[in-house]
Amino acid sequence: MNVGIIGSGTMGSGIAQVAATSGCKVKLYDTNRAALNKAQVALEKILARLIVKGRIDDDESDRIQANISYVDNLKDLSDSNLTIEAIIENLDIKKKVFSELESYVSEDCIIASNTSSLSIASIAASLQKPERCVGIHFFNPAPLMKLVEVIPALQTSEAVLQKSIETITDWKKVVAVAKDTPGFIVNRVARPFYGEALRIYEEGLADFATIDWSLKTLGGFRMGPFELMDFIGNDVNYTVTETVFTAFYFDPRYKPAFTQKRFAEAGYLGRKSGKGYYDYDENGKIIPRHSKLVSESQKNKIGQQIFNRVLVMLINEAADALFLNVATAKDIDNAMTKGVNYPKGLLAWADEKGIDWCVSELDDLYSEYHEDRYRCSPLLRKMNKENRTFF
């Protein structure tokens, strides 16, 4: 298969590596020749590290590199069977690129976008043959993360959807098919991990370190929400939150936090700026910060409350995604474990905690705050009445 990748940044280069490793002939396109040279050097370094670690040998490295060519003319992608765009998250720019690309490629070439949150239907509408368009959303770093969300637009043909699923599966990725709604699966369901943690901080219930400790120690998450926001970048994470909030017609469940907005405005972006919710040393390591709680028993009590509150909000979001047919239960849980490394699938976690526990926790929150943010998913309420589980 001939694959064209548009955009030679971290994501585009990562996707090119995945496709080339699977034996595809890849053309990595960028208008900036310096960016292409940088991508080529970066790939050589990545493959050299894999050789040192014993993951691949010299022959495999040579094969992968030989499968990728670097081009700065969009016409060079004319022989592609599949193109994947991985450029700036700007709908107008994507539409312009797709419209031009379509004039060069064959009629049966699949044209895909790696967008994390933009409407696939809107992107497809820029094409003369919108049925060839599909969302294929990788997670960073693409060579390491197992999950790929495949998102059919209203216009996407069944043949294009199935071919896309087969291709990504052949690339040894786990596919989760998602409805074309804001944030798809992962960026929708994960919002409470950040949003509720920020809300808990703003209420003064706990500091950043205690909230992170509770999610890691009691929940088994690899990173706490504030560590993760610092890793992603507060500017990037805030923009995604704001985009999802607007796309959902200002549903209070996705409401951004002033704390994150102010941190972004102050330039406290996290690891990349050396300061965020934590301070970082010259090697990008967190400078340890001690919890303000005075006793271990107090820390454990507050930590359990924090963990329960964030977890039930995540479960509620996952349940609502299932209720609204965004994806299947299996794909939702796969998306969260393989896309963002959650310790368990949220719907399986709901079964473990008990659907009655989920409903009770959410109703307690709603009773306390009387905010629509804490409304219980109708699916959870129905399942509780019927004494059903997700799996």
# chains A, B, ... in the order shown; residues from 1 in each chain; ligands from 1
call {"tool": "residues_around", "arguments": {"residues": "stretch 299-304 of chain A", "least_positions_apart": "2", "cutoff": "10 Å", "atoms": "only C-alpha atoms", "output": "MDAnalysis selection string"}}
result
chainID A and resid 205:206 210:215 217:219 291:297 306:309
call {"tool": "residues_around", "arguments": {"residues": "A:Gln155", "least_positions_apart": "6", "cutoff": "10 Å", "atoms": "only C-alpha atoms", "output": "PDB file with N, CA and C atoms, in the first residue's frame"}}
result
ATOM      1  N   ILE A 120     -15.578  15.516  11.399  1.00  0.00           N
ATOM      2  CA  ILE A 120     -15.176  14.812  10.173  1.00  0.00           C
ATOM      3  C   ILE A 120     -16.149  15.147   9.049  1.00  0.00           C
ATOM      4  N   ALA A 121     -17.413  15.330   9.386  1.00  0.00           N
ATOM      5  CA  ALA A 121     -18.412  15.692   8.376  1.00  0.00           C
ATOM      6  C   ALA A 121     -18.063  17.016   7.717  1.00  0.00           C
ATOM      7  N   SER A 122     -17.602  17.987   8.512  1.00  0.00           N
ATOM      8  CA  SER A 122     -17.216  19.292   7.961  1.00  0.00           C
ATOM      9  C   SER A 122     -16.014  19.157   7.045  1.00  0.00           C
ATOM     10  N   ALA A 124     -15.076  16.419   5.449  1.00  0.00           N
ATOM     11  CA  ALA A 124     -15.500  15.660   4.263  1.00  0.00           C
ATOM     12  C   ALA A 124     -16.240  16.536   3.261  1.00  0.00           C
ATOM     13  N   ALA A 125     -16.956  17.531   3.765  1.00  0.00           N
ATOM     14  CA  ALA A 125     -17.750  18.404   2.894  1.00  0.00           C
ATOM     15  C   ALA A 125     -16.888  19.228   1.939  1.00  0.00           C
ATOM     16  N   LYS A 129     -15.788  14.043  -3.504  1.00  0.00           N
ATOM     17  CA  LYS A 129     -16.257  12.702  -3.143  1.00  0.00           C
ATOM     18  C   LYS A 129     -16.134  12.557  -1.616  1.00  0.00           C
ATOM     19  N   PRO A 130     -17.074  13.129  -0.878  1.00  0.00           N
ATOM     20  CA  PRO A 130     -16.976  13.113   0.587  1.00  0.00           C
ATOM     21  C   PRO A 130     -17.047  11.716   1.187  1.00  0.00           C
ATOM     22  N   GLU A 131     -17.569  10.759   0.420  1.00  0.00           N
ATOM     23  CA  GLU A 131     -17.684   9.392   0.930  1.00  0.00           C
ATOM     24  C   GLU A 131     -16.327   8.724   1.136  1.00  0.00           C
ATOM     25  N   ARG A 132     -15.260   9.307   0.575  1.00  0.00           N
ATOM     26  CA  ARG A 132     -13.910   8.746   0.718  1.00  0.00           C
ATOM     27  C   ARG A 132     -13.221   9.237   1.997  1.00  0.00           C
ATOM     28  N   CYS A 133     -13.845  10.154   2.728  1.00  0.00           N
ATOM     29  CA  CYS A 133     -13.222  10.787   3.889  1.00  0.00           C
ATOM     30  C   CYS A 133     -13.571  10.055   5.183  1.00  0.00           C
ATOM     31  N   VAL A 134     -12.596   9.955   6.102  1.00  0.00           N
ATOM     32  CA  VAL A 134     -12.794   9.281   7.381  1.00  0.00           C
ATOM     33  C   VAL A 134     -11.821   9.871   8.396  1.00  0.00           C
TER      34      VAL A 134
END
call {"tool": "closest_residue", "arguments": {"among": "A:Lys75, A:Arg253, A:Arg191, A:Leu147", "to": "A:Asn237", "atoms": "only C-alpha atoms"}}
result
A:Arg191
call {"tool": "select_by_dssp", "arguments": {"residues": "stretch 113-315 of chain A", "states": "helix (DSSP H, G or I)", "output": "CSV table (one decimal) with N, CA, C and O atoms, in the first residue's frame"}}
result
chain,number,residue,atom,x,y,z
A,120,ILE,N,-15.6,15.5,11.4
A,120,ILE,CA,-15.2,14.8,10.2
A,120,ILE,C,-16.1,15.1,9.0
A,120,ILE,O,-15.8,15.3,7.9
A,121,ALA,N,-17.4,15.3,9.4
A,121,ALA,CA,-18.4,15.7,8.4
A,121,ALA,C,-18.1,17.0,7.7
A,121,ALA,O,-18.2,17.2,6.5
A,122,SER,N,-17.6,18.0,8.5
A,122,SER,CA,-17.2,19.3,8.0
A,122,SER,C,-16.0,19.2,7.0
A,122,SER,O,-16.0,19.8,6.0
A,123,ILE,N,-15.0,18.3,7.5
A,123,ILE,CA,-13.8,18.1,6.6
A,123,ILE,C,-14.2,17.4,5.3
A,123,ILE,O,-13.8,17.8,4.2
A,124,ALA,N,-15.1,16.4,5.4
A,124,ALA,CA,-15.5,15.7,4.3
A,124,ALA,C,-16.2,16.5,3.3
A,124,ALA,O,-16.2,16.3,2.0
A,130,PRO,N,-17.1,13.1,-0.9
A,130,PRO,CA,-17.0,13.1,0.6
A,130,PRO,C,-17.0,11.7,1.2
A,130,PRO,O,-16.6,11.5,2.3
A,131,GLU,N,-17.6,10.8,0.4
A,131,GLU,CA,-17.7,9.4,0.9
A,131,GLU,C,-16.3,8.7,1.1
A,131,GLU,O,-16.2,7.7,1.8
A,132,ARG,N,-15.3,9.3,0.6
A,132,ARG,CA,-13.9,8.7,0.7
A,132,ARG,C,-13.2,9.2,2.0
A,132,ARG,O,-12.1,8.8,2.3
A,158,GLU,N,-19.4,2.7,3.6
A,158,GLU,CA,-19.1,1.5,4.4
A,158,GLU,C,-17.8,0.9,4.0
A,158,GLU,O,-17.0,0.4,4.8
A,159,ALA,N,-17.6,0.9,2.7
A,159,ALA,CA,-16.4,0.3,2.1
A,159,ALA,C,-15.1,1.0,2.6
A,159,ALA,O,-14.1,0.4,3.0
A,160,VAL,N,-15.2,2.3,2.7
A,160,VAL,CA,-14.1,3.1,3.2
A,160,VAL,C,-13.8,2.9,4.7
A,160,VAL,O,-12.7,2.7,5.1
A,161,LEU,N,-14.9,2.8,5.4
A,161,LEU,CA,-14.8,2.5,6.9
A,161,LEU,C,-14.1,1.2,7.1
A,161,LEU,O,-13.2,1.1,7.9
A,162,GLN,N,-14.6,0.1,6.4
A,162,GLN,CA,-14.1,-1.2,6.6
A,162,GLN,C,-12.6,-1.3,6.1
A,162,GLN,O,-11.8,-2.0,6.8
A,163,LYS,N,-12.3,-0.7,5.0
A,163,LYS,CA,-10.9,-0.7,4.6
A,163,LYS,C,-10.0,0.0,5.5
A,163,LYS,O,-8.8,-0.4,5.8
A,164,SER,N,-10.5,1.1,6.1
A,164,SER,CA,-9.7,1.9,7.1
A,164,SER,C,-9.4,1.0,8.4
A,164,SER,O,-8.3,1.0,8.9
A,165,ILE,N,-10.5,0.3,8.8
A,165,ILE,CA,-10.3,-0.6,10.0
A,165,ILE,C,-9.3,-1.7,9.7
A,165,ILE,O,-8.5,-2.0,10.5
A,166,GLU,N,-9.5,-2.3,8.5
A,166,GLU,CA,-8.5,-3.4,8.2
A,166,GLU,C,-7.1,-2.9,8.1
A,166,GLU,O,-6.2,-3.6,8.6
A,167,THR,N,-6.9,-1.7,7.5
A,167,THR,CA,-5.5,-1.2,7.4
A,167,THR,C,-4.9,-0.9,8.7
A,167,THR,O,-3.8,-1.3,9.0
A,168,ILE,N,-5.6,-0.3,9.6
A,168,ILE,CA,-5.1,0.1,10.9
A,168,ILE,C,-4.9,-1.2,11.8
A,168,ILE,O,-3.9,-1.3,12.5
A,169,THR,N,-5.7,-2.1,11.6
A,169,THR,CA,-5.5,-3.4,12.3
A,169,THR,C,-4.3,-4.1,11.8
A,169,THR,O,-3.5,-4.7,12.6
A,170,ASP,N,-4.1,-4.1,10.5
A,170,ASP,CA,-2.9,-4.6,9.9
A,170,ASP,C,-1.6,-3.9,10.4
A,170,ASP,O,-0.5,-4.5,10.4
A,186,VAL,N,-12.0,9.3,23.5
A,186,VAL,CA,-11.0,9.6,24.6
A,186,VAL,C,-11.1,11.1,25.0
A,186,VAL,O,-11.2,11.3,26.2
A,187,ASN,N,-11.1,12.0,24.1
A,187,ASN,CA,-11.1,13.4,24.5
A,187,ASN,C,-12.4,13.9,25.1
A,187,ASN,O,-12.5,15.0,25.6
A,188,ARG,N,-13.4,13.1,24.9
A,188,ARG,CA,-14.7,13.4,25.5
A,188,ARG,C,-14.8,12.8,26.9
A,188,ARG,O,-15.0,13.4,27.9
A,189,VAL,N,-14.5,11.5,27.0
A,189,VAL,CA,-14.7,10.7,28.3
A,189,VAL,C,-13.6,11.2,29.3
A,189,VAL,O,-13.9,11.2,30.5
A,191,ARG,N,-12.5,14.2,29.9
A,191,ARG,CA,-12.6,15.6,30.4
A,191,ARG,C,-12.7,15.7,31.9
A,191,ARG,O,-12.1,16.5,32.5
A,192,PRO,N,-13.5,14.8,32.6
A,192,PRO,CA,-13.6,14.9,34.1
A,192,PRO,C,-12.3,14.7,34.8
A,192,PRO,O,-12.2,15.1,36.0
A,193,PHE,N,-11.4,13.9,34.2
A,193,PHE,CA,-10.1,13.7,34.9
A,193,PHE,C,-9.4,15.0,35.2
A,193,PHE,O,-8.8,15.2,36.3
A,194,TYR,N,-9.5,15.9,34.2
A,194,TYR,CA,-8.9,17.2,34.4
A,194,TYR,C,-9.9,18.2,35.1
A,194,TYR,O,-9.6,18.8,36.1
A,195,GLY,N,-11.1,18.2,34.6
A,195,GLY,CA,-12.1,19.2,35.0
A,195,GLY,C,-12.5,19.1,36.5
A,195,GLY,O,-12.6,20.1,37.2
A,196,GLU,N,-12.8,17.8,36.9
A,196,GLU,CA,-13.2,17.6,38.3
A,196,GLU,C,-12.0,17.8,39.3
A,196,GLU,O,-12.2,18.3,40.4
A,197,ALA,N,-10.8,17.5,38.8
A,197,ALA,CA,-9.6,17.7,39.7
A,197,ALA,C,-9.5,19.2,39.9
A,197,ALA,O,-9.2,19.7,41.0
A,198,LEU,N,-9.6,20.0,38.8
A,198,LEU,CA,-9.5,21.5,38.9
A,198,LEU,C,-10.6,22.0,39.8
A,198,LEU,O,-10.4,22.9,40.6
A,199,ARG,N,-11.8,21.5,39.7
A,199,ARG,CA,-12.9,21.9,40.5
A,199,ARG,C,-12.6,21.7,42.0
A,199,ARG,O,-12.9,22.5,42.9
A,200,ILE,N,-12.1,20.5,42.3
A,200,ILE,CA,-11.8,20.1,43.7
A,200,ILE,C,-10.7,21.1,44.2
A,200,ILE,O,-10.8,21.5,45.4
A,201,TYR,N,-9.8,21.4,43.4
A,201,TYR,CA,-8.7,22.3,43.9
A,201,TYR,C,-9.3,23.7,44.1
A,201,TYR,O,-9.1,24.4,45.1
A,202,GLU,N,-10.2,24.2,43.2
A,202,GLU,CA,-10.8,25.5,43.3
A,202,GLU,C,-11.7,25.6,44.6
A,202,GLU,O,-11.8,26.7,45.1
A,208,PHE,N,-2.6,20.5,44.7
A,208,PHE,CA,-2.3,19.7,43.5
A,208,PHE,C,-1.7,18.4,43.8
A,208,PHE,O,-2.1,17.4,43.3
A,209,ALA,N,-0.7,18.4,44.7
A,209,ALA,CA,0.0,17.2,45.1
A,209,ALA,C,-0.9,16.2,45.7
A,209,ALA,O,-0.8,15.0,45.4
A,210,THR,N,-1.8,16.6,46.6
A,210,THR,CA,-2.7,15.6,47.2
A,210,THR,C,-3.7,15.0,46.2
A,210,THR,O,-4.0,13.8,46.3
A,211,ILE,N,-4.2,15.8,45.3
A,211,ILE,CA,-5.1,15.3,44.3
A,211,ILE,C,-4.4,14.3,43.4
A,211,ILE,O,-5.0,13.2,43.1
A,212,ASP,N,-3.2,14.7,43.0
A,212,ASP,CA,-2.5,13.7,42.1
A,212,ASP,C,-2.1,12.4,42.9
A,212,ASP,O,-2.2,11.3,42.4
A,213,TRP,N,-1.8,12.6,44.2
A,213,TRP,CA,-1.5,11.4,45.0
A,213,TRP,C,-2.7,10.5,45.1
A,213,TRP,O,-2.5,9.3,45.0
A,214,SER,N,-3.9,11.0,45.3
A,214,SER,CA,-5.1,10.2,45.4
A,214,SER,C,-5.4,9.4,44.2
A,214,SER,O,-5.7,8.2,44.3
A,215,LEU,N,-5.2,10.0,43.0
A,215,LEU,CA,-5.5,9.3,41.8
A,215,LEU,C,-4.5,8.3,41.4
A,215,LEU,O,-4.8,7.2,40.9
A,216,LYS,N,-3.2,8.5,41.8
A,216,LYS,CA,-2.2,7.5,41.5
A,216,LYS,C,-2.2,6.4,42.6
A,216,LYS,O,-2.1,5.2,42.2
A,217,THR,N,-2.2,6.8,43.8
A,217,THR,CA,-2.1,5.8,44.9
A,217,THR,C,-3.3,5.0,45.1
A,217,THR,O,-3.3,3.7,45.2
A,218,LEU,N,-4.5,5.6,45.1
A,218,LEU,CA,-5.7,4.9,45.4
A,218,LEU,C,-6.4,4.5,44.1
A,218,LEU,O,-7.1,3.5,44.1
A,225,PRO,N,-3.8,14.1,37.5
A,225,PRO,CA,-4.3,15.1,36.5
A,225,PRO,C,-3.5,16.3,36.4
A,225,PRO,O,-3.3,16.8,35.2
A,226,PHE,N,-2.9,16.8,37.5
A,226,PHE,CA,-2.1,18.0,37.3
A,226,PHE,C,-0.7,17.7,36.7
A,226,PHE,O,-0.2,18.5,35.9
A,227,GLU,N,-0.1,16.6,37.0
A,227,GLU,CA,1.1,16.1,36.3
A,227,GLU,C,0.8,16.0,34.8
A,227,GLU,O,1.6,16.4,34.0
A,228,LEU,N,-0.3,15.4,34.5
A,228,LEU,CA,-0.7,15.1,33.1
A,228,LEU,C,-0.9,16.4,32.4
A,228,LEU,O,-0.5,16.6,31.2
A,229,MET,N,-1.6,17.3,33.0
A,229,MET,CA,-1.9,18.6,32.3
A,229,MET,C,-0.6,19.4,32.1
A,229,MET,O,-0.4,20.0,31.1
A,230,ASP,N,0.3,19.3,33.1
A,230,ASP,CA,1.7,19.9,32.9
A,230,ASP,C,2.4,19.2,31.7
A,230,ASP,O,3.2,19.8,31.0
A,231,PHE,N,2.3,17.9,31.6
A,231,PHE,CA,2.9,17.1,30.6
A,231,PHE,C,2.4,17.5,29.2
A,231,PHE,O,3.1,17.7,28.2
A,232,ILE,N,1.1,17.6,29.1
A,232,ILE,CA,0.4,17.9,27.8
A,232,ILE,C,0.7,19.4,27.5
A,232,ILE,O,0.9,19.7,26.3
A,234,ASN,N,-0.5,23.3,29.6
A,234,ASN,CA,-1.8,23.9,30.0
A,234,ASN,C,-2.4,24.7,28.9
A,234,ASN,O,-3.7,24.8,28.9
A,235,ASP,N,-1.7,25.2,28.0
A,235,ASP,CA,-2.3,25.9,26.9
A,235,ASP,C,-3.0,25.0,26.0
A,235,ASP,O,-4.2,25.2,25.6
A,236,VAL,N,-2.4,23.8,25.7
A,236,VAL,CA,-3.0,22.8,24.8
A,236,VAL,C,-4.3,22.2,25.5
A,236,VAL,O,-5.3,22.1,24.9
A,237,ASN,N,-4.1,21.8,26.7
A,237,ASN,CA,-5.2,21.2,27.4
A,237,ASN,C,-6.4,22.1,27.6
A,237,ASN,O,-7.6,21.7,27.5
A,238,TYR,N,-6.1,23.4,27.9
A,238,TYR,CA,-7.2,24.3,28.1
A,238,TYR,C,-7.9,24.6,26.8
A,238,TYR,O,-9.2,24.6,26.7
A,239,THR,N,-7.2,24.7,25.7
A,239,THR,CA,-7.8,24.9,24.4
A,239,THR,C,-8.7,23.7,24.0
A,239,THR,O,-9.8,23.9,23.5
A,240,VAL,N,-8.3,22.5,24.2
A,240,VAL,CA,-9.1,21.3,24.0
A,240,VAL,C,-10.4,21.4,24.8
A,240,VAL,O,-11.5,21.2,24.3
A,241,THR,N,-10.3,21.7,26.1
A,241,THR,CA,-11.4,21.8,27.0
A,241,THR,C,-12.4,22.9,26.5
A,241,THR,O,-13.6,22.6,26.4
A,242,GLU,N,-11.9,24.0,26.1
A,242,GLU,CA,-12.7,25.1,25.6
A,242,GLU,C,-13.4,24.7,24.3
A,242,GLU,O,-14.6,25.0,24.1
A,243,THR,N,-12.7,24.0,23.5
A,243,THR,CA,-13.3,23.6,22.2
A,243,THR,C,-14.4,22.6,22.4
A,243,THR,O,-15.5,22.7,21.8
A,244,VAL,N,-14.2,21.6,23.3
A,244,VAL,CA,-15.2,20.6,23.6
A,244,VAL,C,-16.4,21.3,24.2
A,244,VAL,O,-17.6,21.0,23.9
A,245,PHE,N,-16.2,22.2,25.2
A,245,PHE,CA,-17.3,22.9,25.9
A,245,PHE,C,-18.1,23.7,24.9
A,245,PHE,O,-19.4,23.6,24.9
A,246,THR,N,-17.5,24.4,23.9
A,246,THR,CA,-18.2,25.1,22.9
A,246,THR,C,-19.0,24.2,22.0
A,246,THR,O,-20.1,24.4,21.6
A,247,ALA,N,-18.3,23.1,21.6
A,247,ALA,CA,-18.9,22.1,20.6
A,247,ALA,C,-20.2,21.5,21.2
A,247,ALA,O,-21.1,21.1,20.5
A,252,PRO,N,-22.5,22.2,30.9
A,252,PRO,CA,-21.7,22.5,32.1
A,252,PRO,C,-20.8,21.3,32.5
A,252,PRO,O,-19.8,21.5,33.3
A,253,ARG,N,-21.0,20.1,32.0
A,253,ARG,CA,-20.1,19.0,32.3
A,253,ARG,C,-18.7,19.3,31.8
A,253,ARG,O,-17.8,18.7,32.3
A,254,TYR,N,-18.6,20.1,30.7
A,254,TYR,CA,-17.3,20.3,30.1
A,254,TYR,C,-16.8,21.7,30.3
A,254,TYR,O,-15.9,22.1,29.6
A,258,PHE,N,-11.2,28.4,35.5
A,258,PHE,CA,-10.4,29.6,35.5
A,258,PHE,C,-9.0,29.4,36.0
A,258,PHE,O,-8.1,30.1,35.5
A,259,THR,N,-8.8,28.4,36.9
A,259,THR,CA,-7.4,28.1,37.3
A,259,THR,C,-6.5,27.8,36.1
A,259,THR,O,-5.4,28.4,36.0
A,260,GLN,N,-7.0,26.9,35.3
A,260,GLN,CA,-6.2,26.5,34.1
A,260,GLN,C,-6.0,27.7,33.1
A,260,GLN,O,-4.9,27.9,32.6
A,261,LYS,N,-7.1,28.5,32.9
A,261,LYS,CA,-7.0,29.6,32.1
A,261,LYS,C,-5.9,30.6,32.5
A,261,LYS,O,-5.1,31.1,31.8
A,262,ARG,N,-5.9,30.9,33.9
A,262,ARG,CA,-4.9,31.8,34.4
A,262,ARG,C,-3.5,31.3,34.3
A,262,ARG,O,-2.6,32.0,34.0
A,263,PHE,N,-3.3,30.0,34.5
A,263,PHE,CA,-2.0,29.4,34.4
A,263,PHE,C,-1.5,29.5,33.0
A,263,PHE,O,-0.3,29.8,32.7
A,264,ALA,N,-2.4,29.2,32.0
A,264,ALA,CA,-2.0,29.4,30.6
A,264,ALA,C,-1.7,30.8,30.3
A,264,ALA,O,-0.7,31.1,29.6
A,265,GLU,N,-2.5,31.8,30.8
A,265,GLU,CA,-2.2,33.2,30.5
A,265,GLU,C,-0.9,33.7,31.1
A,265,GLU,O,-0.2,34.5,30.6
A,266,ALA,N,-0.6,33.1,32.3
A,266,ALA,CA,0.7,33.5,32.9
A,266,ALA,C,1.9,32.9,32.3
A,266,ALA,O,3.1,33.2,32.6
A,271,ARG,N,5.7,21.4,31.9
A,271,ARG,CA,7.1,20.9,31.7
A,271,ARG,C,7.8,21.7,30.7
A,271,ARG,O,9.0,22.0,30.8
A,272,LYS,N,7.1,22.1,29.6
A,272,LYS,CA,7.9,22.7,28.5
A,272,LYS,C,8.3,24.2,28.8
A,272,LYS,O,9.2,24.7,28.2
A,273,SER,N,7.6,24.8,29.9
A,273,SER,CA,8.0,26.1,30.3
A,273,SER,C,8.8,26.1,31.6
A,273,SER,O,9.2,27.2,32.0
A,296,GLU,N,-1.4,11.7,58.1
A,296,GLU,CA,-1.6,10.7,57.1
A,296,GLU,C,-3.1,10.2,57.1
A,296,GLU,O,-3.6,10.0,56.0
A,297,SER,N,-3.7,10.2,58.2
A,297,SER,CA,-5.2,9.8,58.3
A,297,SER,C,-6.0,10.8,57.5
A,297,SER,O,-7.0,10.4,56.8
A,298,GLN,N,-5.7,12.1,57.7
A,298,GLN,CA,-6.5,13.1,57.1
A,298,GLN,C,-6.3,13.0,55.5
A,298,GLN,O,-7.2,13.2,54.8
A,299,LYS,N,-5.0,12.8,55.1
A,299,LYS,CA,-4.7,12.6,53.7
A,299,LYS,C,-5.4,11.5,53.1
A,299,LYS,O,-6.0,11.6,52.0
A,300,ASN,N,-5.5,10.3,53.8
A,300,ASN,CA,-6.2,9.2,53.3
A,300,ASN,C,-7.7,9.4,53.1
A,300,ASN,O,-8.3,9.0,52.2
A,301,LYS,N,-8.2,10.1,54.1
A,301,LYS,CA,-9.7,10.3,54.1
A,301,LYS,C,-10.0,11.3,52.9
A,301,LYS,O,-11.0,11.0,52.2
A,302,ILE,N,-9.3,12.4,52.8
A,302,ILE,CA,-9.6,13.3,51.7
A,302,ILE,C,-9.3,12.7,50.4
A,302,ILE,O,-10.0,12.8,49.4
A,303,GLY,N,-8.2,11.9,50.4
A,303,GLY,CA,-7.8,11.2,49.1
A,303,GLY,C,-8.9,10.3,48.6
A,303,GLY,O,-9.1,10.2,47.4
A,304,GLN,N,-9.5,9.6,49.5
A,304,GLN,CA,-10.6,8.6,49.1
A,304,GLN,C,-11.8,9.4,48.5
A,304,GLN,O,-12.4,9.0,47.5
A,305,GLN,N,-12.1,10.5,49.1
A,305,GLN,CA,-13.2,11.4,48.6
A,305,GLN,C,-12.9,11.9,47.2
A,305,GLN,O,-13.7,11.9,46.3
A,306,ILE,N,-11.6,12.3,47.0
A,306,ILE,CA,-11.2,12.8,45.7
A,306,ILE,C,-11.3,11.8,44.7
A,306,ILE,O,-11.8,12.0,43.6
A,307,PHE,N,-10.7,10.6,45.0
A,307,PHE,CA,-10.7,9.5,44.0
A,307,PHE,C,-12.1,9.1,43.6
A,307,PHE,O,-12.4,8.9,42.5
A,308,ASN,N,-13.0,8.9,44.6
A,308,ASN,CA,-14.4,8.5,44.3
A,308,ASN,C,-15.1,9.5,43.4
A,308,ASN,O,-15.8,9.2,42.5
A,309,ARG,N,-14.8,10.8,43.7
A,309,ARG,CA,-15.5,11.9,43.0
A,309,ARG,C,-15.1,11.9,41.5
A,309,ARG,O,-15.9,12.0,40.6
A,310,VAL,N,-13.7,11.9,41.3
A,310,VAL,CA,-13.2,11.9,39.9
A,310,VAL,C,-13.6,10.6,39.2
A,310,VAL,O,-14.1,10.7,38.0
A,311,LEU,N,-13.5,9.5,39.9
A,311,LEU,CA,-13.9,8.2,39.2
A,311,LEU,C,-15.3,8.2,38.8
A,311,LEU,O,-15.6,7.8,37.6
A,312,VAL,N,-16.2,8.6,39.7
A,312,VAL,CA,-17.6,8.4,39.3
A,312,VAL,C,-18.0,9.4,38.2
A,312,VAL,O,-18.9,9.1,37.4
A,313,MET,N,-17.3,10.6,38.1
A,313,MET,CA,-17.6,11.5,37.0
A,313,MET,C,-17.1,10.9,35.7
A,313,MET,O,-17.7,11.1,34.6
A,314,LEU,N,-15.9,10.2,35.7
A,314,LEU,CA,-15.4,9.5,34.5
A,314,LEU,C,-16.4,8.4,34.1
A,314,LEU,O,-16.7,8.3,32.9
A,315,ILE,N,-16.8,7.6,35.1
A,315,ILE,CA,-17.8,6.6,34.7
A,315,ILE,C,-19.0,7.1,34.1
A,315,ILE,O,-19.6,6.6,33.2
call {"tool": "residues_around", "arguments": {"residues": "A:Thr31", "least_positions_apart": "2", "cutoff": "12 Å", "atoms": "only C-alpha atoms", "output": "PyMOL selection string"}}
result
chain A and resi 6-9+28-29+33-37+70-76+87+97
call {"tool": "closest_residue", "arguments": {"among": "A:Gly135, A:Gly23, A:Gly284, A:Pro141", "to": "A:Ile84", "atoms": "only C-alpha atoms"}}
result
A:Gly135
